[in-house]
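File shown: final-v9.cif (mmCIF, C-alpha atoms).
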data_start
loop_
_atom_site.label_atom_id
_atom_site.label_comp_id
_atom_site.auth_asym_id
_atom_site.auth_seq_id
_atom_site.Cartn_x
_atom_site.Cartn_y
_atom_site.Cartn_z
CA MET R 621 80.90 263.90 255.41
CA ALA R 622 82.04 267.10 257.16
CA ARG R 623 85.72 267.39 258.03
CA THR R 624 87.54 269.77 260.34
CA THR R 625 88.24 273.01 258.48
CA GLY R 626 91.81 273.22 257.36
CA SER R 627 92.51 269.56 258.03
CA HIS R 628 93.85 267.60 255.10
CA ALA R 629 92.59 264.36 256.55
CA GLY R 630 90.90 262.29 253.91
CA ILE R 631 92.15 264.25 250.91
CA THR R 632 93.61 261.29 249.14
CA GLY R 633 94.05 260.97 245.41
CA PRO R 634 91.37 258.33 244.94
CA ARG R 635 88.76 260.19 247.02
CA VAL R 636 89.27 263.49 245.19
CA ARG R 637 89.30 261.80 241.81
CA GLN R 638 86.14 259.87 242.64
CA ALA R 639 84.30 263.03 243.68
CA ALA R 640 85.47 264.93 240.59
CA LEU R 641 84.57 262.00 238.34
CA ARG R 642 81.05 261.75 239.73
CA LEU R 643 80.39 265.47 239.42
CA PHE R 644 81.99 265.92 235.98
CA ALA R 645 80.00 262.98 234.59
CA GLN R 646 76.76 264.22 236.13
CA LYS R 647 76.93 267.96 235.40
CA GLY R 648 79.73 268.40 232.91
CA TYR R 649 83.21 269.75 233.61
CA ALA R 650 82.33 273.39 232.96
CA ALA R 651 79.43 273.36 235.42
CA VAL R 652 81.45 271.99 238.36
CA SER R 653 83.44 274.30 240.62
CA MET R 654 86.40 273.40 242.81
CA ARG R 655 84.16 274.40 245.72
CA ALA R 656 81.59 271.78 244.67
CA ILE R 657 84.29 269.11 244.43
CA ALA R 658 85.62 270.07 247.86
CA ALA R 659 82.10 269.83 249.30
CA GLU R 660 81.70 266.36 247.77
CA VAL R 661 84.98 265.26 249.37
CA GLY R 662 83.94 266.88 252.63
CA VAL R 663 86.69 269.51 252.90
CA GLN R 664 87.03 273.27 252.43
CA ALA R 665 87.95 274.49 248.93
CA GLY R 666 91.26 275.83 250.25
CA ALA R 667 92.26 272.35 251.40
CA LEU R 668 91.60 270.98 247.94
CA TYR R 669 94.03 273.47 246.42
CA ASN R 670 96.72 271.99 248.64
CA TYR R 671 96.14 268.72 246.85
CA THR R 672 95.72 269.85 243.25
CA PRO R 673 96.68 273.13 241.53
CA ASP R 674 93.44 273.48 239.56
CA LYS R 675 90.37 271.84 238.08
CA GLU R 676 92.02 271.07 234.76
CA SER R 677 94.70 269.05 236.55
CA LEU R 678 91.96 266.97 238.13
CA LEU R 679 90.38 266.33 234.74
CA PHE R 680 93.73 265.42 233.26
CA ASP R 681 94.43 263.07 236.17
CA LEU R 682 91.11 261.29 235.68
CA MET R 683 91.82 260.68 232.01
CA ARG R 684 95.46 259.74 232.56
CA VAL R 685 94.72 257.21 235.32
CA HIS R 686 91.88 255.73 233.27
CA LEU R 687 94.11 255.20 230.25
CA GLU R 688 97.05 253.95 232.31
CA GLU R 689 94.81 251.31 233.92
CA LEU R 690 93.53 250.40 230.47
CA LEU R 691 97.08 249.95 229.18
CA ALA R 692 98.17 248.04 232.29
CA GLN R 693 95.36 245.51 231.89
CA ALA R 694 95.32 245.27 228.08
CA ASP R 695 97.81 242.46 227.84
CA PHE R 696 97.19 240.06 224.98
CA GLY R 697 99.81 237.35 224.99
CA ALA R 698 101.92 238.07 221.94
CA GLU R 699 102.65 234.37 221.55
CA ALA R 700 98.99 233.46 220.91
CA ASP R 701 97.65 233.42 217.35
CA PRO R 702 96.11 236.70 216.07
CA LEU R 703 92.54 235.38 216.11
CA THR R 704 92.81 234.45 219.79
CA ARG R 705 94.41 237.79 220.63
CA LEU R 706 91.67 239.64 218.74
CA ARG R 707 88.98 237.74 220.65
CA GLN R 708 90.76 238.64 223.91
CA PHE R 709 90.87 242.28 222.87
CA VAL R 710 87.15 242.40 222.06
CA GLU R 711 86.17 240.80 225.35
CA PHE R 712 88.59 242.92 227.36
CA HIS R 713 87.54 246.21 225.75
CA ILE R 714 83.82 245.64 226.31
CA ARG R 715 84.20 244.48 229.92
CA PHE R 716 86.73 247.15 230.94
CA HIS R 717 84.60 249.97 229.57
CA ALA R 718 81.25 248.59 230.76
CA ASP R 719 82.68 248.74 234.29
CA ARG R 720 83.62 252.42 233.92
CA PRO R 721 80.78 254.36 232.27
CA ASP R 722 81.69 257.69 233.91
CA GLU R 723 85.37 257.46 232.99
CA VAL R 724 84.51 256.60 229.38
CA PHE R 725 82.00 259.41 229.13
CA ILE R 726 84.48 261.96 230.44
CA ALA R 727 87.39 260.63 228.39
CA TYR R 728 85.43 261.35 225.22
CA MET R 729 83.39 264.40 226.19
CA GLU R 730 85.79 266.63 228.02
CA LEU R 731 88.89 266.42 225.84
CA ARG R 732 88.32 270.01 224.68
CA ASN R 733 88.88 271.21 228.24
CA LEU R 734 92.45 269.95 228.45
CA SER R 735 95.43 272.23 227.91
CA PRO R 736 97.29 271.49 224.64
CA GLU R 737 100.14 269.80 226.56
CA ASN R 738 97.80 267.58 228.57
CA PHE R 739 95.73 266.83 225.47
CA ALA R 740 98.87 265.64 223.70
CA GLN R 741 99.71 263.31 226.60
CA ILE R 742 96.21 261.81 226.66
CA GLU R 743 96.25 261.36 222.90
CA ALA R 744 99.60 259.59 223.13
CA LEU R 745 98.22 257.15 225.73
CA ARG R 746 95.12 256.52 223.63
CA ARG R 747 97.29 255.91 220.59
CA ARG R 748 99.35 253.36 222.50
CA TYR R 749 96.14 251.47 223.22
CA GLU R 750 95.02 251.66 219.58
CA ASP R 751 98.45 250.39 218.56
CA ARG R 752 97.91 247.21 220.57
CA LEU R 753 94.85 246.39 218.49
CA GLU R 754 96.51 247.45 215.25
CA THR R 755 99.46 245.15 215.98
CA ILE R 756 97.07 242.21 216.32
CA LEU R 757 95.38 243.15 213.03
CA ARG R 758 98.70 243.57 211.23
CA ASP R 759 100.01 240.23 212.53
CA GLY R 760 96.81 238.52 211.38
CA ALA R 761 96.94 240.19 207.97
CA LYS R 762 100.59 239.20 207.56
CA GLN R 763 99.78 235.57 208.40
CA GLY R 764 96.85 235.61 206.01
CA VAL R 765 94.20 234.86 208.67
CA PHE R 766 92.65 238.35 208.34
CA ALA R 767 91.81 240.15 205.10
CA ILE R 768 92.11 243.84 205.93
CA GLU R 769 92.64 246.69 203.49
CA ASP R 770 93.68 249.34 206.01
CA THR R 771 94.58 248.22 209.54
CA LYS R 772 94.41 251.77 210.95
CA ILE R 773 90.81 252.31 209.79
CA MET R 774 89.84 248.84 210.97
CA THR R 775 91.37 249.63 214.39
CA LEU R 776 89.33 252.81 214.77
CA ALA R 777 86.15 251.17 213.47
CA ILE R 778 86.41 248.25 215.89
CA ILE R 779 87.12 250.49 218.88
CA ALA R 780 84.18 252.79 218.05
CA MET R 781 81.87 249.82 217.63
CA LEU R 782 82.93 248.23 220.93
CA THR R 783 82.91 251.44 222.94
CA GLY R 784 79.40 252.10 221.60
CA VAL R 785 78.16 249.30 223.85
CA ASN R 786 78.41 251.76 226.73
CA THR R 787 75.72 254.00 225.25
CA TRP R 788 73.03 251.33 225.49
CA PHE R 789 74.10 248.38 227.67
CA ARG R 790 72.42 248.14 231.07
CA SER R 791 73.12 245.16 233.31
CA GLY R 792 69.87 243.36 234.01
CA GLY R 793 68.61 244.26 230.52
CA ARG R 794 67.55 241.93 227.70
CA LEU R 795 71.08 240.63 227.14
CA SER R 796 73.83 239.65 229.55
CA LEU R 797 77.29 241.10 229.04
CA ASP R 798 78.44 237.59 228.05
CA GLN R 799 75.89 237.56 225.23
CA VAL R 800 76.92 241.04 224.14
CA VAL R 801 80.57 240.00 224.07
CA ALA R 802 79.71 236.90 222.01
CA GLN R 803 77.74 238.90 219.44
CA TYR R 804 80.35 241.62 219.06
CA TRP R 805 83.05 239.02 218.71
CA ASP R 806 81.03 237.46 215.91
CA MET R 807 80.74 240.84 214.14
CA VAL R 808 84.42 241.70 214.58
CA ARG R 809 85.57 238.26 213.46
CA ARG R 810 83.56 238.66 210.28
CA ALA R 811 84.58 242.29 209.72
CA VAL R 812 88.27 241.35 209.67
CA GLY R 813 87.52 238.60 207.17
CA ALA R 814 88.36 235.68 209.50
CA GLU R 815 85.90 232.98 208.57
CA MET L 137 77.66 292.57 214.34
CA ALA L 138 75.98 295.11 216.64
CA ARG L 139 72.22 295.56 216.32
CA THR L 140 69.94 298.29 217.57
CA THR L 141 69.00 297.55 221.20
CA GLY L 142 65.51 296.19 221.49
CA SER L 143 65.22 295.52 217.77
CA HIS L 144 64.36 291.97 216.85
CA ALA L 145 65.85 292.39 213.40
CA GLY L 146 67.99 289.43 212.50
CA ILE L 147 66.80 287.13 215.29
CA THR L 148 65.81 284.31 213.04
CA GLY L 149 65.73 280.67 214.01
CA PRO L 150 68.69 279.64 211.87
CA ARG L 151 70.90 282.51 213.09
CA VAL L 152 70.19 281.84 216.76
CA ARG L 153 70.62 278.10 216.34
CA GLN L 154 73.89 278.57 214.50
CA ALA L 155 75.29 280.83 217.23
CA ALA L 156 74.16 278.45 219.98
CA LEU L 157 75.54 275.46 218.10
CA ARG L 158 78.95 277.04 217.63
CA LEU L 159 79.22 278.08 221.28
CA PHE L 160 77.86 274.85 222.77
CA ALA L 161 80.24 272.77 220.64
CA GLN L 162 83.20 274.96 221.50
CA LYS L 163 82.71 275.52 225.24
CA GLY L 164 80.05 273.02 226.31
CA TYR L 165 76.41 273.78 227.07
CA ALA L 166 76.93 274.50 230.76
CA ALA L 167 79.63 277.09 230.10
CA VAL L 168 77.56 279.15 227.65
CA SER L 169 75.19 281.84 228.89
CA MET L 170 72.17 283.25 227.05
CA ARG L 171 74.06 286.56 227.17
CA ALA L 172 76.96 284.99 225.26
CA ILE L 173 74.60 283.56 222.65
CA ALA L 174 72.91 286.95 222.26
CA ALA L 175 76.32 288.59 221.81
CA GLU L 176 77.21 286.04 219.12
CA VAL L 177 73.94 286.80 217.29
CA GLY L 178 74.56 290.52 217.77
CA VAL L 179 71.52 291.34 219.91
CA GLN L 180 70.81 292.14 223.56
CA ALA L 181 70.05 289.19 225.85
CA GLY L 182 66.51 290.50 226.39
CA ALA L 183 65.80 290.31 222.67
CA LEU L 184 66.87 286.67 222.63
CA TYR L 185 64.30 285.82 225.31
CA ASN L 186 61.63 287.12 222.95
CA TYR L 187 62.68 284.40 220.56
CA THR L 188 63.26 281.46 222.89
CA PRO L 189 62.10 280.87 226.49
CA ASP L 190 65.42 279.49 227.75
CA LYS L 191 68.75 277.90 226.95
CA GLU L 192 67.46 274.35 227.24
CA SER L 193 64.87 275.05 224.54
CA LEU L 194 67.70 276.13 222.26
CA LEU L 195 69.60 272.92 222.95
CA PHE L 196 66.48 270.84 222.36
CA ASP L 197 65.81 272.71 219.09
CA LEU L 198 69.34 272.01 217.86
CA MET L 199 68.98 268.30 218.49
CA ARG L 200 65.43 268.10 217.15
CA VAL L 201 66.22 269.92 213.89
CA HIS L 202 69.36 267.80 213.43
CA LEU L 203 67.41 264.55 213.80
CA GLU L 204 64.49 265.75 211.69
CA GLU L 205 66.86 266.61 208.85
CA LEU L 206 68.49 263.22 209.28
CA LEU L 207 65.12 261.48 209.04
CA ALA L 208 64.00 263.62 206.10
CA GLN L 209 67.09 262.70 204.09
CA ALA L 210 67.44 259.06 205.18
CA ASP L 211 65.29 257.61 202.45
CA PHE L 212 66.39 254.20 201.23
CA GLY L 213 64.04 253.03 198.50
CA ALA L 214 62.11 250.19 200.10
CA GLU L 215 61.83 248.50 196.71
CA ALA L 216 65.58 247.98 196.34
CA ASP L 217 67.20 244.79 197.64
CA PRO L 218 68.46 244.85 201.25
CA LEU L 219 72.14 244.81 200.27
CA THR L 220 71.69 247.92 198.10
CA ARG L 221 69.70 249.67 200.82
CA LEU L 222 72.36 248.81 203.40
CA ARG L 223 75.07 250.24 201.16
CA GLN L 224 72.98 253.41 200.75
CA PHE L 225 72.56 253.64 204.52
CA VAL L 226 76.31 253.34 205.18
CA GLU L 227 77.20 255.99 202.62
CA PHE L 228 74.41 258.32 203.72
CA HIS L 229 75.23 258.03 207.43
CA ILE L 230 78.93 258.76 206.99
CA ARG L 231 78.41 261.71 204.63
CA PHE L 232 75.55 263.29 206.58
CA HIS L 233 77.46 263.18 209.87
CA ALA L 234 80.83 264.19 208.41
CA ASP L 235 79.13 267.39 207.22
CA ARG L 236 77.84 268.19 210.72
CA PRO L 237 80.57 267.60 213.32
CA ASP L 238 79.20 270.16 215.81
CA GLU L 239 75.63 268.81 215.64
CA VAL L 240 76.85 265.25 216.14
CA PHE L 241 79.07 266.23 219.04
CA ILE L 242 76.23 268.03 220.80
CA ALA L 243 73.65 265.36 220.04
CA TYR L 244 75.74 262.84 221.97
CA MET L 245 77.37 265.01 224.62
CA GLU L 246 74.62 267.21 225.90
CA LEU L 247 71.73 264.76 226.21
CA ARG L 248 71.99 264.95 230.01
CA ASN L 249 71.05 268.63 229.87
CA LEU L 250 67.62 268.01 228.34
CA SER L 251 64.47 267.95 230.45
CA PRO L 252 62.94 264.45 230.74
CA GLU L 253 60.15 265.37 228.28
CA ASN L 254 62.55 266.76 225.70
CA PHE L 255 64.92 263.84 226.22
CA ALA L 256 62.06 261.43 225.47
CA GLN L 257 61.28 263.28 222.22
CA ILE L 258 64.90 263.20 221.09
CA GLU L 259 65.19 259.52 221.95
CA ALA L 260 62.04 258.79 219.95
CA LEU L 261 63.49 260.54 216.87
CA ARG L 262 66.78 258.72 217.26
CA ARG L 263 64.92 255.42 217.57
CA ARG L 264 63.01 256.13 214.35
CA TYR L 265 66.33 256.51 212.59
CA GLU L 266 67.70 253.29 214.11
CA ASP L 267 64.51 251.53 213.02
CA ARG L 268 65.23 252.40 209.38
CA LEU L 269 68.51 250.50 209.58
CA GLU L 270 67.00 247.66 211.56
CA THR L 271 64.25 247.24 208.93
CA ILE L 272 66.91 246.82 206.25
CA LEU L 273 68.74 244.26 208.39
CA ARG L 274 65.53 242.35 209.15
CA ASP L 275 64.51 242.30 205.49
CA GLY L 276 67.93 241.00 204.51
CA ALA L 277 67.89 238.36 207.25
CA LYS L 278 64.40 237.25 206.19
CA GLN L 279 65.54 236.91 202.58
CA GLY L 280 68.61 235.00 203.67
CA VAL L 281 71.12 237.51 202.24
CA PHE L 282 72.31 238.54 205.72
CA ALA L 283 73.20 236.21 208.60
CA ILE L 284 72.44 238.20 211.75
CA GLU L 285 71.81 236.81 215.21
CA ASP L 286 70.28 239.96 216.74
CA THR L 287 69.26 242.78 214.40
CA LYS L 288 68.94 245.31 217.24
CA ILE L 289 72.53 244.80 218.42
CA MET L 290 73.77 244.84 214.84
CA THR L 291 71.93 248.14 214.28
CA LEU L 292 73.57 249.79 217.28
CA ALA L 293 77.00 248.36 216.44
CA ILE L 294 76.87 249.61 212.84
CA ILE L 295 75.71 253.09 213.85
CA ALA L 296 78.43 253.39 216.51
CA MET L 297 81.07 252.25 214.05
CA LEU L 298 79.95 254.68 211.34
CA THR L 299 79.48 257.66 213.65
CA GLY L 300 82.97 257.03 215.00
CA VAL L 301 84.35 258.30 211.69
CA ASN L 302 83.61 261.80 212.99
CA THR L 303 86.14 261.46 215.78
CA TRP L 304 89.08 261.07 213.42
CA PHE L 305 88.19 261.99 209.83
CA ARG L 306 89.63 265.28 208.55
CA SER L 307 89.09 266.29 204.94
CA GLY L 308 92.45 266.68 203.27
CA GLY L 309 93.87 263.86 205.39
CA ARG L 310 95.37 260.55 204.27
CA LEU L 311 92.05 259.21 202.97
CA SER L 312 89.25 260.85 201.00
CA LEU L 313 85.70 260.49 202.28
CA ASP L 314 85.02 258.25 199.27
CA GLN L 315 87.76 255.88 200.39
CA VAL L 316 86.45 255.92 203.95
CA VAL L 317 82.94 255.10 202.73
CA ALA L 318 84.28 252.23 200.61
CA GLN L 319 86.21 250.72 203.51
CA TYR L 320 83.36 251.00 206.00
CA TRP L 321 80.99 249.50 203.47
CA ASP L 322 83.35 246.57 203.14
CA MET L 323 83.42 246.08 206.93
CA VAL L 324 79.65 246.39 207.32
CA ARG L 325 78.96 244.07 204.41
CA ARG L 326 81.15 241.44 206.03
CA ALA L 327 79.79 242.03 209.53
CA VAL L 328 76.23 241.28 208.41
CA GLY L 329 77.43 238.09 206.76
CA ALA L 330 76.76 239.18 203.17
CA GLU L 331 79.58 237.64 201.19
#

Would it be possible to restate this file's structure as C-alpha cells?
Amino acid sequence: MARTTGSHAGITGPRVRQAALRLFAQKGYAAVSMRAIAAEVGVQAGALYNYTPDKESLLFDLMRVHLEELLAQADFGAEADPLTRLRQFVEFHIRFHADRPDEVFIAYMELRNLSPENFAQIEALRRRYEDRLETILRDGAKQGVFAIEDTKIMTLAIIAMLTGVNTWFRSGGRLSLDQVVAQYWDMVRRAVGAE
Amino acid sequence: MARTTGSHAGITGPRVRQAALRLFAQKGYAAVSMRAIAAEVGVQAGALYNYTPDKESLLFDLMRVHLEELLAQADFGAEADPLTRLRQFVEFHIRFHADRPDEVFIAYMELRNLSPENFAQIEALRRRYEDRLETILRDGAKQGVFAIEDTKIMTLAIIAMLTGVNTWFRSGGRLSLDQVVAQYWDMVRRAVGAE
C-alpha cells in the first residue's frame, strides 16, 4: 500500500510491529533492512525512523510485547489446587504459542541480536513466566500431590516440551489441537509424578 | 592466519566448516558473507569458491554432517529391553547435544535458508533419528512396559524436552551434566508410564 511520501499516516505501533515480525520470521533479523520494513508498511524509510530509533528497538519491542501479553494472559487462579493449575498452564501454553508461531520463532532465534540491556529485560520477563509454572510445581510438591526432585529443572523441561509443539503442529493435520493438549497434559501429569 | 593468495593450502572440509559454523552461530547465516568465512579460514574469497559452490552448500554441509554423526553414534542395542534402550537414548541425546551447542543452534534456526531439495534431505535424516526413538517406544508399548497413547507425539515431546537442555545448561553451573541426565531420565521414564 503506497503512502504519501513524508506522511506519517498509518505508522502505528501494531502495523510496524506486524511488518517487522513477518519479515524477521521469514528472512531472519540480519537480512531485513529498515528500508524493507518501511516498504512493507507502505512508507518511506525516513518516516519509519520517526517512529522507532533503530531496527534493534523494533526487535526488542516485538519480544517485549509478546512476553507481556503472555504474562497478562497467564493467570492460573492461585486458589485452585496445583493439579488443576498445572493443567491450565499446559493448555494455556500450547494454545497461546500455537497462535503465534512467528513471535515464538523470533523470541528464541533472535535473542543474540538484542543489546545487553534489552536482553536482560527480555530474560527478566521470561523468568517471570517460568516462575509462574515453578510456583505451581512447588505448591504441588509441598502438598505432596507432585513428586519432583528439582522444580527449576522440571519447569524448564515442561516449557521446552510444550513449546516444541510449535515445530511440528499444523492445524488440519492428523491431530486437533485439543488432542495435542490432552496428550501433553497426560505426559506432564505423569512427569510430575501425579498419578 | 594469513595464507598465500591463490593457494588452496589449508582449505580442508573441517576447517571451512568450523569457520562457517562459528560465524553462522555468532551472527546468523544471513549476516555472514563468503568473504568473512574466507577471512576466518585465512584464505581469499576466491579460494573458498574452489572448495564450495556457495554459502548455502556450506550451511547444508554443516547440518548434514551434524545429523550423520548423530545417526552414526545413536546405536542402542536392539537386543536390550526397551527401558534400557530408552535410558541409553536419553543419556546419549543430552550428552551429544550438550557437546555441540553451535551445531544444534544452527540445525534449528537456519532451516529456512536451505533450498527445498536440501531441506528435504535434512528432514529425512532428522526423521531417521526420530524413528530410532519411536522404535524403542513402540517396542516398549508392545511389550506392555510403556503406556503410550501416541508414540509419534511422545517421540517429538521427548526430543524437544531433551534438546531444551541446551538452552540453559552451562558446565560449571549448579548441576553437573550427570545430575541433569539423571533428572531427565526420571521425567522421561515417568512420562512413558514405566513405573

message = Here's the selection I'm unsure about, the PyMOL selection byres ((chain R and resi 688-692) around 10); applied to the file above, which residues does it give, as a VMD selection string?
response = chain R and resid 683 to 687 693 to 695 712 to 713 716 to 717 742 745 to 746 748 to 750 752

query = Expanded to explicit residues, what is the PyMOL selection byres ((chain L) within 10 of (chain R)) for this file, as a VMD selection string?
reply = chain L and resid 161 to 168 241 to 242 244 to 246 248 to 249 284 to 286 289 to 290 292 to 301 303 to 304 311 316 319 to 320 322 to 331

inquiry  = Just checking: using all atoms listed in the file, which residue out of R:Val724, R:Ala767, R:Ile714, R:Leu757 ends up closest to R:Trp805?
reply    =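 Result for the nearest residue to R:Trp805: R:Ile714.
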
request  = Provide the atom CA of R:Pro702 to atom CA of R:Ala802 distance in Å, to one decimal place.
outcome  =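 Going from atom CA of R:Pro702 over to atom CA of R:Ala802 covers 17.4 Å.
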
inquiry  = Calculated over all atoms listed in the file, which of the candidates L:Ala234, L:Leu247, L:Val226, L:Ala260 has the smallest distance to L:Leu198?
reply    =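 Answer, going by the shortest atom-to-atom distance: L:Leu247.
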